[in-house]
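A quick write-up on the structure given underneath.
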There are 2 protein chains.
Amino acid sequence: MIDASGRLRAARLRVTRRRVTILDALTALGGHRTADEIAAAPAAAGSPLPRASLYHALAAMADASILLVADAGPGTARFEIAGEWHHHLVCRSCGSISDVPCAAGVRPCLEANLPGAVIDEAQVVFRGLCPACAAGVAPAS
Amino acid sequence: MIDASGRLRAARLRVTRRRVTILDALTALGGHRTADEIAAAPAAAGSPLPRASLYHALAAMADASILLVADAGPGTARFEIAGEWHHHLVCRSCGSISDVPCAAGVRPCLEANLPGAVIDEAQVVFRGLCPACAAGVAPAS
DNA sequence: CTCGACATTGGACTGCGTCCAATCTAGAGG
DNA sequence: CCTCTAGATTGGACGCAGTCCAATGTCGAG
C-alpha cells in the first residue's frame with residue numbers, strides 16, 4: 001500500500017498536511033473509526049485537529065473514494081481506509097463491529113432489482129452475535 | 001394486518017396509549033420515518049409526544065420486533081413497521097431512500113462466513129442513483 | 001517567485017438521542 | 001369491581017456529532 005501523499009495524489013486531491021495526518025492516523029488505527037477516534041491521536045501529539053477541518057477533509061476523501069463510510073446502523077459515522085471490499089457485523093450484545101469478507105470482493109457485489117436505478121455500491125449490515133459473545137454464554141446480564 | 005393493540009399484544013408488550021399512538025402514526029405515514037416525523041402527527045393533533053417517551057417506546061417495540069430500524073448510513077435513525085423483509089437504496093443525488101425487494105424475503109437472507117458468529121439479520125444498503133435521478137440527467141449541478 | 005484556487009480554521013449553532021427520578025397506569029389477582 | 005405492583009410515561013436538561021460561514025493560509029502550476 002502506497003503512503004498517504006501517494007494515495008492523495010493518485011486521487012487528484014491536493015496533498016495537505018491535514019489530509020496526510022488524517023490518513024496516517026486512520027491507517028495506524030485500522031478498522032472503522034469515528035471522527036473522534038481519528039482526531040485523538042493528533043490531539044495527543046500536540047496538534048489538535050479542528051472539527052471542521054476533520055469533517056471537511058473526511059468528506060473530500062470519501063468523495064474521492066480514498067476513504068469510505070462504514071454502514072453500521074444509525075448514529076456516529078465511521079470511516080475506514082478503502083481497501084478490500086467487505087461488510088460488517090454489528091454485535092447485538094457488545095456493539096462491536098467486525099469485518100465480514102465479501103464473497104464477490106468487488107463493488108457492487110449485489111444487484112438491486114429496482115428498474116432504472118443505478119447501483120454502485122451494496123453494503124451489507126449483519127446483526128447478531130459476534131463470535132466472542134456467541135461463545136461466552138450470557139451476553140448481557 | 002391487525003391493528004396496533006393487537007400487534008402489541010401479540011408481542012407481549014403492554015398496550016399503552018403512547019405505543020398505540022406511535023404505531024398508528026408510523027403505519028399511517030408508511031415507509032421509513034425519523035423520530036421527528038413520527039412525532040409530528042400527534043403533535044399537530046394537540047397531544048405532543050415527549051421525546052423521552054417516543055424513544056423509549058420505539059426502543060421497546062424495536063426490541064420486540066414490531067418495528068425495525070432501517071439501515072441507511074449514519075445520521076438520524078429511521079424506523080419502519082416490520083413487514084415484508086426488504087432492503088434500501090440511498091440515492092447519492094437526492095438522498096431519498098427507496099425500498100428494494102429482498103429476493104429471499106426472510107431474515108436473514110444472507111449468511112456471513114464468519115465462523116462462530118450468529119446472524120439473525122442481514123440488511124443491504126444500496127447506494128447509487130434512484131430511478132428518478134438516474135433518468136433526469138444531471139443530478140446536482 | 002507569484003498568484004489563483006482551494007483547503008483550513010475558529011467558534012458557535014442545530015438537533016438527535018440519552019439520562020434520571022418522580023408519577024402514572026395496564027392488567028392480573030382477589 | 002377494587003387493589004396492587006411491575007413496568008411505562010414524563011419533563012427537563014445534558015452531551016455530543018456534524019454543519020455553517022467568512023477570514024486566512026497554503027498547495028502547486030507557470
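So you can find residues: chains in the C-alpha cells are A, B, ... in the order shown, residues in each start at 1, and ligands are numbered from 1 in order.
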
(request) For chain A, list the residues within 9 Å of chain C, counting only C-alpha atoms (C1' of nucleotides), and write the list as a PyMOL selection string. (result) chain A and resi 14+16+18+50+52-53+56-57+75

Let's have the selection written as a tab-separated table (two decimals), in the first residue's frame, with C-alpha atoms.
chain	number	residue	atom	x	y	z
A	14	ARG	CA	-4.19	18.33	-3.10
A	16	THR	CA	-2.12	18.94	2.52
A	18	ARG	CA	-4.20	17.78	7.44
A	50	PRO	CA	-10.32	21.19	14.43
A	52	ALA	CA	-14.49	21.50	10.81
A	53	SER	CA	-11.21	20.55	9.17
A	56	HIS	CA	-14.27	18.66	5.60
A	57	ALA	CA	-11.21	16.58	4.83
A	75	GLY	CA	-25.53	7.02	14.99

(request) Output as JSON, numbers by chain all residues of chain A that backbone DSSP marks as strand (DSSP E). (result) {"A": [33, 34, 67, 68, 69, 70, 78, 79, 80, 81, 86, 87, 88, 89, 90, 91, 97, 98, 99, 100, 101, 118, 119, 120, 121, 122, 123, 124, 125, 126, 127, 128, 129]}

Sorted by chain and rising residue number, list the residues of chain A at most 12 Å from chain B (counting only C-alpha atoms), each with its closest atom pair and distance in Å to one decimal, as JSON lines.
{"residue": "A:Thr34", "atom": "CA", "partner": "B:Pro74", "partner_atom": "CA", "distance": 10.9}
{"residue": "A:Asp63", "atom": "CA", "partner": "B:Arg92", "partner_atom": "CA", "distance": 10.9}
{"residue": "A:Leu68", "atom": "CA", "partner": "B:Gly73", "partner_atom": "CA", "distance": 11.3}
{"residue": "A:Val69", "atom": "CA", "partner": "B:Gly73", "partner_atom": "CA", "distance": 8.0}
{"residue": "A:Ala70", "atom": "CA", "partner": "B:Gly73", "partner_atom": "CA", "distance": 7.7}
{"residue": "A:Asp71", "atom": "CA", "partner": "B:Gly73", "partner_atom": "CA", "distance": 5.1}
{"residue": "A:Ala72", "atom": "CA", "partner": "B:Gly73", "partner_atom": "CA", "distance": 7.0}
{"residue": "A:Gly73", "atom": "CA", "partner": "B:Asp71", "partner_atom": "CA", "distance": 5.1}
{"residue": "A:Pro74", "atom": "CA", "partner": "B:Pro74", "partner_atom": "CA", "distance": 4.6}
{"residue": "A:Gly75", "atom": "CA", "partner": "B:Pro74", "partner_atom": "CA", "distance": 5.4}
{"residue": "A:Thr76", "atom": "CA", "partner": "B:Pro74", "partner_atom": "CA", "distance": 6.0}
{"residue": "A:Ala77", "atom": "CA", "partner": "B:Pro74", "partner_atom": "CA", "distance": 5.0}
{"residue": "A:Arg78", "atom": "CA", "partner": "B:Pro74", "partner_atom": "CA", "distance": 7.9}
{"residue": "A:Phe79", "atom": "CA", "partner": "B:Pro74", "partner_atom": "CA", "distance": 10.5}
{"residue": "A:His86", "atom": "CA", "partner": "B:Ala112", "partner_atom": "CA", "distance": 10.6}
{"residue": "A:His87", "atom": "CA", "partner": "B:Ala112", "partner_atom": "CA", "distance": 8.8}
{"residue": "A:His88", "atom": "CA", "partner": "B:Ala112", "partner_atom": "CA", "distance": 9.1}
{"residue": "A:Leu89", "atom": "CA", "partner": "B:Ile119", "partner_atom": "CA", "distance": 8.2}
{"residue": "A:Val90", "atom": "CA", "partner": "B:Ile119", "partner_atom": "CA", "distance": 9.4}
{"residue": "A:Cys91", "atom": "CA", "partner": "B:Ala117", "partner_atom": "CA", "distance": 9.0}
{"residue": "A:Arg92", "atom": "CA", "partner": "B:Asp120", "partner_atom": "CA", "distance": 9.8}
{"residue": "A:Ser93", "atom": "CA", "partner": "B:Val118", "partner_atom": "CA", "distance": 11.1}
{"residue": "A:Ile97", "atom": "CA", "partner": "B:Ala117", "partner_atom": "CA", "distance": 11.8}
{"residue": "A:Ser98", "atom": "CA", "partner": "B:Leu114", "partner_atom": "CA", "distance": 9.1}
{"residue": "A:Asp99", "atom": "CA", "partner": "B:Leu114", "partner_atom": "CA", "distance": 8.7}
{"residue": "A:Val100", "atom": "CA", "partner": "B:Leu114", "partner_atom": "CA", "distance": 6.4}
{"residue": "A:Pro101", "atom": "CA", "partner": "B:Asn113", "partner_atom": "CA", "distance": 7.3}
{"residue": "A:Cys102", "atom": "CA", "partner": "B:Ala112", "partner_atom": "CA", "distance": 8.5}
{"residue": "A:Ala103", "atom": "CA", "partner": "B:Asn113", "partner_atom": "CA", "distance": 8.7}
{"residue": "A:Arg107", "atom": "CA", "partner": "B:Phe126", "partner_atom": "CA", "distance": 10.5}
{"residue": "A:Pro108", "atom": "CA", "partner": "B:Phe126", "partner_atom": "CA", "distance": 8.5}
{"residue": "A:Cys109", "atom": "CA", "partner": "B:Phe126", "partner_atom": "CA", "distance": 10.0}
{"residue": "A:Leu110", "atom": "CA", "partner": "B:Phe126", "partner_atom": "CA", "distance": 8.5}
{"residue": "A:Glu111", "atom": "CA", "partner": "B:Phe126", "partner_atom": "CA", "distance": 8.5}
{"residue": "A:Ala112", "atom": "CA", "partner": "B:Val100", "partner_atom": "CA", "distance": 6.4}
{"residue": "A:Asn113", "atom": "CA", "partner": "B:Val100", "partner_atom": "CA", "distance": 7.0}
{"residue": "A:Leu114", "atom": "CA", "partner": "B:Val100", "partner_atom": "CA", "distance": 6.4}
{"residue": "A:Pro115", "atom": "CA", "partner": "B:Pro131", "partner_atom": "CA", "distance": 7.0}
{"residue": "A:Gly116", "atom": "CA", "partner": "B:Pro131", "partner_atom": "CA", "distance": 4.5}
{"residue": "A:Ala117", "atom": "CA", "partner": "B:Pro131", "partner_atom": "CA", "distance": 4.3}
{"residue": "A:Val118", "atom": "CA", "partner": "B:Leu129", "partner_atom": "CA", "distance": 5.0}
{"residue": "A:Ile119", "atom": "CA", "partner": "B:Gly128", "partner_atom": "CA", "distance": 4.4}
{"residue": "A:Asp120", "atom": "CA", "partner": "B:Gly128", "partner_atom": "CA", "distance": 5.1}
{"residue": "A:Glu121", "atom": "CA", "partner": "B:Arg127", "partner_atom": "CA", "distance": 5.1}
{"residue": "A:Ala122", "atom": "CA", "partner": "B:Phe126", "partner_atom": "CA", "distance": 4.4}
{"residue": "A:Gln123", "atom": "CA", "partner": "B:Val125", "partner_atom": "CA", "distance": 5.1}
{"residue": "A:Val124", "atom": "CA", "partner": "B:Val124", "partner_atom": "CA", "distance": 4.3}
{"residue": "A:Val125", "atom": "CA", "partner": "B:Gln123", "partner_atom": "CA", "distance": 5.1}
{"residue": "A:Phe126", "atom": "CA", "partner": "B:Ala122", "partner_atom": "CA", "distance": 4.4}
{"residue": "A:Arg127", "atom": "CA", "partner": "B:Glu121", "partner_atom": "CA", "distance": 5.1}
{"residue": "A:Gly128", "atom": "CA", "partner": "B:Ile119", "partner_atom": "CA", "distance": 4.4}
{"residue": "A:Leu129", "atom": "CA", "partner": "B:Val118", "partner_atom": "CA", "distance": 5.0}
{"residue": "A:Cys130", "atom": "CA", "partner": "B:Ala117", "partner_atom": "CA", "distance": 4.8}
{"residue": "A:Pro131", "atom": "CA", "partner": "B:Ala117", "partner_atom": "CA", "distance": 4.3}
{"residue": "A:Ala132", "atom": "CA", "partner": "B:Gly116", "partner_atom": "CA", "distance": 7.8}
{"residue": "A:Cys133", "atom": "CA", "partner": "B:Ala117", "partner_atom": "CA", "distance": 8.3}
{"residue": "A:Ala134", "atom": "CA", "partner": "B:Ala117", "partner_atom": "CA", "distance": 6.3}
{"residue": "A:Ala135", "atom": "CA", "partner": "B:Gly116", "partner_atom": "CA", "distance": 7.4}
{"residue": "A:Gly136", "atom": "CA", "partner": "B:Gly116", "partner_atom": "CA", "distance": 10.9}

According to DSSP computed on the backbone, where in range 2-89 of chain B is there alpha helix (DSSP H)? Give the residues as a PDB file with N, CA and C atoms, in the first residue's frame.
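Wrote states07.pdb, looks like this:
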ATOM      1  N   ALA B   4     -52.973  -1.882  15.858  1.00  0.00           N
ATOM      2  CA  ALA B   4     -51.868  -1.595  16.761  1.00  0.00           C
ATOM      3  C   ALA B   4     -51.920  -2.380  18.071  1.00  0.00           C
ATOM      4  N   SER B   5     -53.059  -2.329  18.745  1.00  0.00           N
ATOM      5  CA  SER B   5     -53.085  -3.023  20.033  1.00  0.00           C
ATOM      6  C   SER B   5     -52.927  -4.528  19.862  1.00  0.00           C
ATOM      7  N   GLY B   6     -53.456  -5.042  18.781  1.00  0.00           N
ATOM      8  CA  GLY B   6     -53.298  -6.463  18.523  1.00  0.00           C
ATOM      9  C   GLY B   6     -51.833  -6.824  18.340  1.00  0.00           C
ATOM     10  N   ARG B   7     -51.138  -5.964  17.606  1.00  0.00           N
ATOM     11  CA  ARG B   7     -49.729  -6.238  17.368  1.00  0.00           C
ATOM     12  C   ARG B   7     -48.928  -6.162  18.662  1.00  0.00           C
ATOM     13  N   LEU B   8     -49.290  -5.204  19.497  1.00  0.00           N
ATOM     14  CA  LEU B   8     -48.587  -5.073  20.763  1.00  0.00           C
ATOM     15  C   LEU B   8     -48.840  -6.303  21.627  1.00  0.00           C
ATOM     16  N   ARG B   9     -50.116  -6.699  21.666  1.00  0.00           N
ATOM     17  CA  ARG B   9     -50.475  -7.848  22.477  1.00  0.00           C
ATOM     18  C   ARG B   9     -49.745  -9.097  21.987  1.00  0.00           C
ATOM     19  N   ALA B  10     -49.702  -9.242  20.680  1.00  0.00           N
ATOM     20  CA  ALA B  10     -49.033 -10.410  20.111  1.00  0.00           C
ATOM     21  C   ALA B  10     -47.558 -10.450  20.499  1.00  0.00           C
ATOM     22  N   ARG B  17     -51.354   3.833  25.648  1.00  0.00           N
ATOM     23  CA  ARG B  17     -51.822   4.824  24.697  1.00  0.00           C
ATOM     24  C   ARG B  17     -50.693   5.327  23.798  1.00  0.00           C
ATOM     25  N   ARG B  18     -49.542   5.575  24.420  1.00  0.00           N
ATOM     26  CA  ARG B  18     -48.414   6.085  23.654  1.00  0.00           C
ATOM     27  C   ARG B  18     -47.997   5.156  22.539  1.00  0.00           C
ATOM     28  N   ARG B  19     -47.887   3.912  22.874  1.00  0.00           N
ATOM     29  CA  ARG B  19     -47.420   2.951  21.879  1.00  0.00           C
ATOM     30  C   ARG B  19     -48.406   2.834  20.742  1.00  0.00           C
ATOM     31  N   VAL B  20     -49.674   2.849  21.079  1.00  0.00           N
ATOM     32  CA  VAL B  20     -50.681   2.764  20.030  1.00  0.00           C
ATOM     33  C   VAL B  20     -50.585   4.000  19.141  1.00  0.00           C
ATOM     34  N   THR B  21     -50.440   5.153  19.781  1.00  0.00           N
ATOM     35  CA  THR B  21     -50.312   6.399  19.022  1.00  0.00           C
ATOM     36  C   THR B  21     -49.148   6.313  18.049  1.00  0.00           C
ATOM     37  N   ILE B  22     -48.018   5.871  18.548  1.00  0.00           N
ATOM     38  CA  ILE B  22     -46.818   5.799  17.725  1.00  0.00           C
ATOM     39  C   ILE B  22     -46.979   4.800  16.589  1.00  0.00           C
ATOM     40  N   LEU B  23     -47.509   3.645  16.913  1.00  0.00           N
ATOM     41  CA  LEU B  23     -47.699   2.634  15.865  1.00  0.00           C
ATOM     42  C   LEU B  23     -48.665   3.141  14.800  1.00  0.00           C
ATOM     43  N   ASP B  24     -49.739   3.750  15.251  1.00  0.00           N
ATOM     44  CA  ASP B  24     -50.712   4.267  14.289  1.00  0.00           C
ATOM     45  C   ASP B  24     -50.091   5.330  13.395  1.00  0.00           C
ATOM     46  N   ALA B  25     -49.335   6.226  14.018  1.00  0.00           N
ATOM     47  CA  ALA B  25     -48.716   7.302  13.247  1.00  0.00           C
ATOM     48  C   ALA B  25     -47.761   6.735  12.206  1.00  0.00           C
ATOM     49  N   LEU B  26     -46.957   5.790  12.627  1.00  0.00           N
ATOM     50  CA  LEU B  26     -45.979   5.214  11.708  1.00  0.00           C
ATOM     51  C   LEU B  26     -46.674   4.418  10.608  1.00  0.00           C
ATOM     52  N   THR B  27     -47.720   3.728  10.960  1.00  0.00           N
ATOM     53  CA  THR B  27     -48.467   2.965   9.959  1.00  0.00           C
ATOM     54  C   THR B  27     -49.094   3.913   8.933  1.00  0.00           C
ATOM     55  N   ALA B  28     -49.654   5.014   9.442  1.00  0.00           N
ATOM     56  CA  ALA B  28     -50.292   5.979   8.547  1.00  0.00           C
ATOM     57  C   ALA B  28     -49.268   6.611   7.607  1.00  0.00           C
ATOM     58  N   LEU B  29     -48.099   6.927   8.143  1.00  0.00           N
ATOM     59  CA  LEU B  29     -47.068   7.555   7.328  1.00  0.00           C
ATOM     60  C   LEU B  29     -46.510   6.559   6.321  1.00  0.00           C
ATOM     61  N   ALA B  35     -37.739   9.939  13.963  1.00  0.00           N
ATOM     62  CA  ALA B  35     -38.498  10.147  15.184  1.00  0.00           C
ATOM     63  C   ALA B  35     -39.337  11.427  15.069  1.00  0.00           C
ATOM     64  N   ASP B  36     -38.767  12.443  14.488  1.00  0.00           N
ATOM     65  CA  ASP B  36     -39.492  13.710  14.356  1.00  0.00           C
ATOM     66  C   ASP B  36     -40.733  13.574  13.494  1.00  0.00           C
ATOM     67  N   GLU B  37     -40.590  12.843  12.398  1.00  0.00           N
ATOM     68  CA  GLU B  37     -41.744  12.673  11.522  1.00  0.00           C
ATOM     69  C   GLU B  37     -42.848  11.934  12.260  1.00  0.00           C
ATOM     70  N   ILE B  38     -42.458  10.963  13.049  1.00  0.00           N
ATOM     71  CA  ILE B  38     -43.451  10.190  13.796  1.00  0.00           C
ATOM     72  C   ILE B  38     -44.141  11.069  14.834  1.00  0.00           C
ATOM     73  N   ALA B  39     -43.379  11.954  15.434  1.00  0.00           N
ATOM     74  CA  ALA B  39     -43.940  12.801  16.487  1.00  0.00           C
ATOM     75  C   ALA B  39     -44.803  13.932  15.946  1.00  0.00           C
ATOM     76  N   ALA B  40     -44.596  14.254  14.688  1.00  0.00           N
ATOM     77  CA  ALA B  40     -45.297  15.397  14.115  1.00  0.00           C
ATOM     78  C   ALA B  40     -46.814  15.280  14.128  1.00  0.00           C
ATOM     79  N   ALA B  41     -47.328  14.136  13.694  1.00  0.00           N
ATOM     80  CA  ALA B  41     -48.777  13.960  13.606  1.00  0.00           C
ATOM     81  C   ALA B  41     -49.480  14.151  14.952  1.00  0.00           C
ATOM     82  N   PRO B  42     -49.092  13.419  15.988  1.00  0.00           N
ATOM     83  CA  PRO B  42     -49.722  13.594  17.298  1.00  0.00           C
ATOM     84  C   PRO B  42     -49.563  15.027  17.802  1.00  0.00           C
ATOM     85  N   ALA B  43     -48.422  15.619  17.522  1.00  0.00           N
ATOM     86  CA  ALA B  43     -48.183  16.983  17.986  1.00  0.00           C
ATOM     87  C   ALA B  43     -49.182  17.931  17.327  1.00  0.00           C
ATOM     88  N   ALA B  44     -49.406  17.738  16.044  1.00  0.00           N
ATOM     89  CA  ALA B  44     -50.346  18.581  15.317  1.00  0.00           C
ATOM     90  C   ALA B  44     -51.765  18.346  15.840  1.00  0.00           C
ATOM     91  N   ARG B  51     -40.124  13.587  23.823  1.00  0.00           N
ATOM     92  CA  ARG B  51     -39.002  12.859  23.230  1.00  0.00           C
ATOM     93  C   ARG B  51     -38.695  11.574  23.962  1.00  0.00           C
ATOM     94  N   ALA B  52     -38.530  11.675  25.259  1.00  0.00           N
ATOM     95  CA  ALA B  52     -38.130  10.505  26.033  1.00  0.00           C
ATOM     96  C   ALA B  52     -39.109   9.360  25.819  1.00  0.00           C
ATOM     97  N   SER B  53     -40.403   9.667  25.856  1.00  0.00           N
ATOM     98  CA  SER B  53     -41.407   8.623  25.668  1.00  0.00           C
ATOM     99  C   SER B  53     -41.282   8.011  24.290  1.00  0.00           C
ATOM    100  N   LEU B  54     -41.147   8.879  23.316  1.00  0.00           N
ATOM    101  CA  LEU B  54     -41.045   8.402  21.946  1.00  0.00           C
ATOM    102  C   LEU B  54     -39.888   7.422  21.791  1.00  0.00           C
ATOM    103  N   TYR B  55     -38.730   7.845  22.208  1.00  0.00           N
ATOM    104  CA  TYR B  55     -37.563   6.982  22.043  1.00  0.00           C
ATOM    105  C   TYR B  55     -37.661   5.717  22.871  1.00  0.00           C
ATOM    106  N   HIS B  56     -38.177   5.857  24.079  1.00  0.00           N
ATOM    107  CA  HIS B  56     -38.313   4.692  24.940  1.00  0.00           C
ATOM    108  C   HIS B  56     -39.261   3.685  24.295  1.00  0.00           C
ATOM    109  N   ALA B  57     -40.399   4.165  23.855  1.00  0.00           N
ATOM    110  CA  ALA B  57     -41.391   3.283  23.243  1.00  0.00           C
ATOM    111  C   ALA B  57     -40.847   2.666  21.959  1.00  0.00           C
ATOM    112  N   LEU B  58     -40.169   3.466  21.155  1.00  0.00           N
ATOM    113  CA  LEU B  58     -39.616   2.947  19.911  1.00  0.00           C
ATOM    114  C   LEU B  58     -38.612   1.843  20.206  1.00  0.00           C
ATOM    115  N   ALA B  59     -37.785   2.071  21.214  1.00  0.00           N
ATOM    116  CA  ALA B  59     -36.783   1.074  21.560  1.00  0.00           C
ATOM    117  C   ALA B  59     -37.452  -0.220  22.007  1.00  0.00           C
ATOM    118  N   ALA B  60     -38.479  -0.084  22.817  1.00  0.00           N
ATOM    119  CA  ALA B  60     -39.174  -1.273  23.308  1.00  0.00           C
ATOM    120  C   ALA B  60     -39.789  -2.053  22.155  1.00  0.00           C
ATOM    121  N   MET B  61     -40.412  -1.345  21.239  1.00  0.00           N
ATOM    122  CA  MET B  61     -41.077  -2.021  20.127  1.00  0.00           C
ATOM    123  C   MET B  61     -40.075  -2.586  19.129  1.00  0.00           C
ATOM    124  N   ALA B  62     -38.963  -1.881  18.938  1.00  0.00           N
ATOM    125  CA  ALA B  62     -37.941  -2.401  18.039  1.00  0.00           C
ATOM    126  C   ALA B  62     -37.371  -3.672  18.658  1.00  0.00           C
ATOM    127  N   ASP B  63     -37.249  -3.644  19.965  1.00  0.00           N
ATOM    128  CA  ASP B  63     -36.728  -4.791  20.685  1.00  0.00           C
ATOM    129  C   ASP B  63     -37.639  -5.998  20.505  1.00  0.00           C
TER     130      ASP B  63
END

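Across the model, the gap from CA of Ala11 in chain B to CA of Ser65 in chain B is 8.0 Å.
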
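If you look at CA of Gly46 in chain A and C1' of DT19 in chain D, they are 25.2 Å away from each other.
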
(message) Residues of chain D within 10 Å of chain B, counting only C-alpha atoms (C1' of nucleotides) - could you list those as an MDAnalysis selection string?
(response) chainID D and resid 7:11 17:18
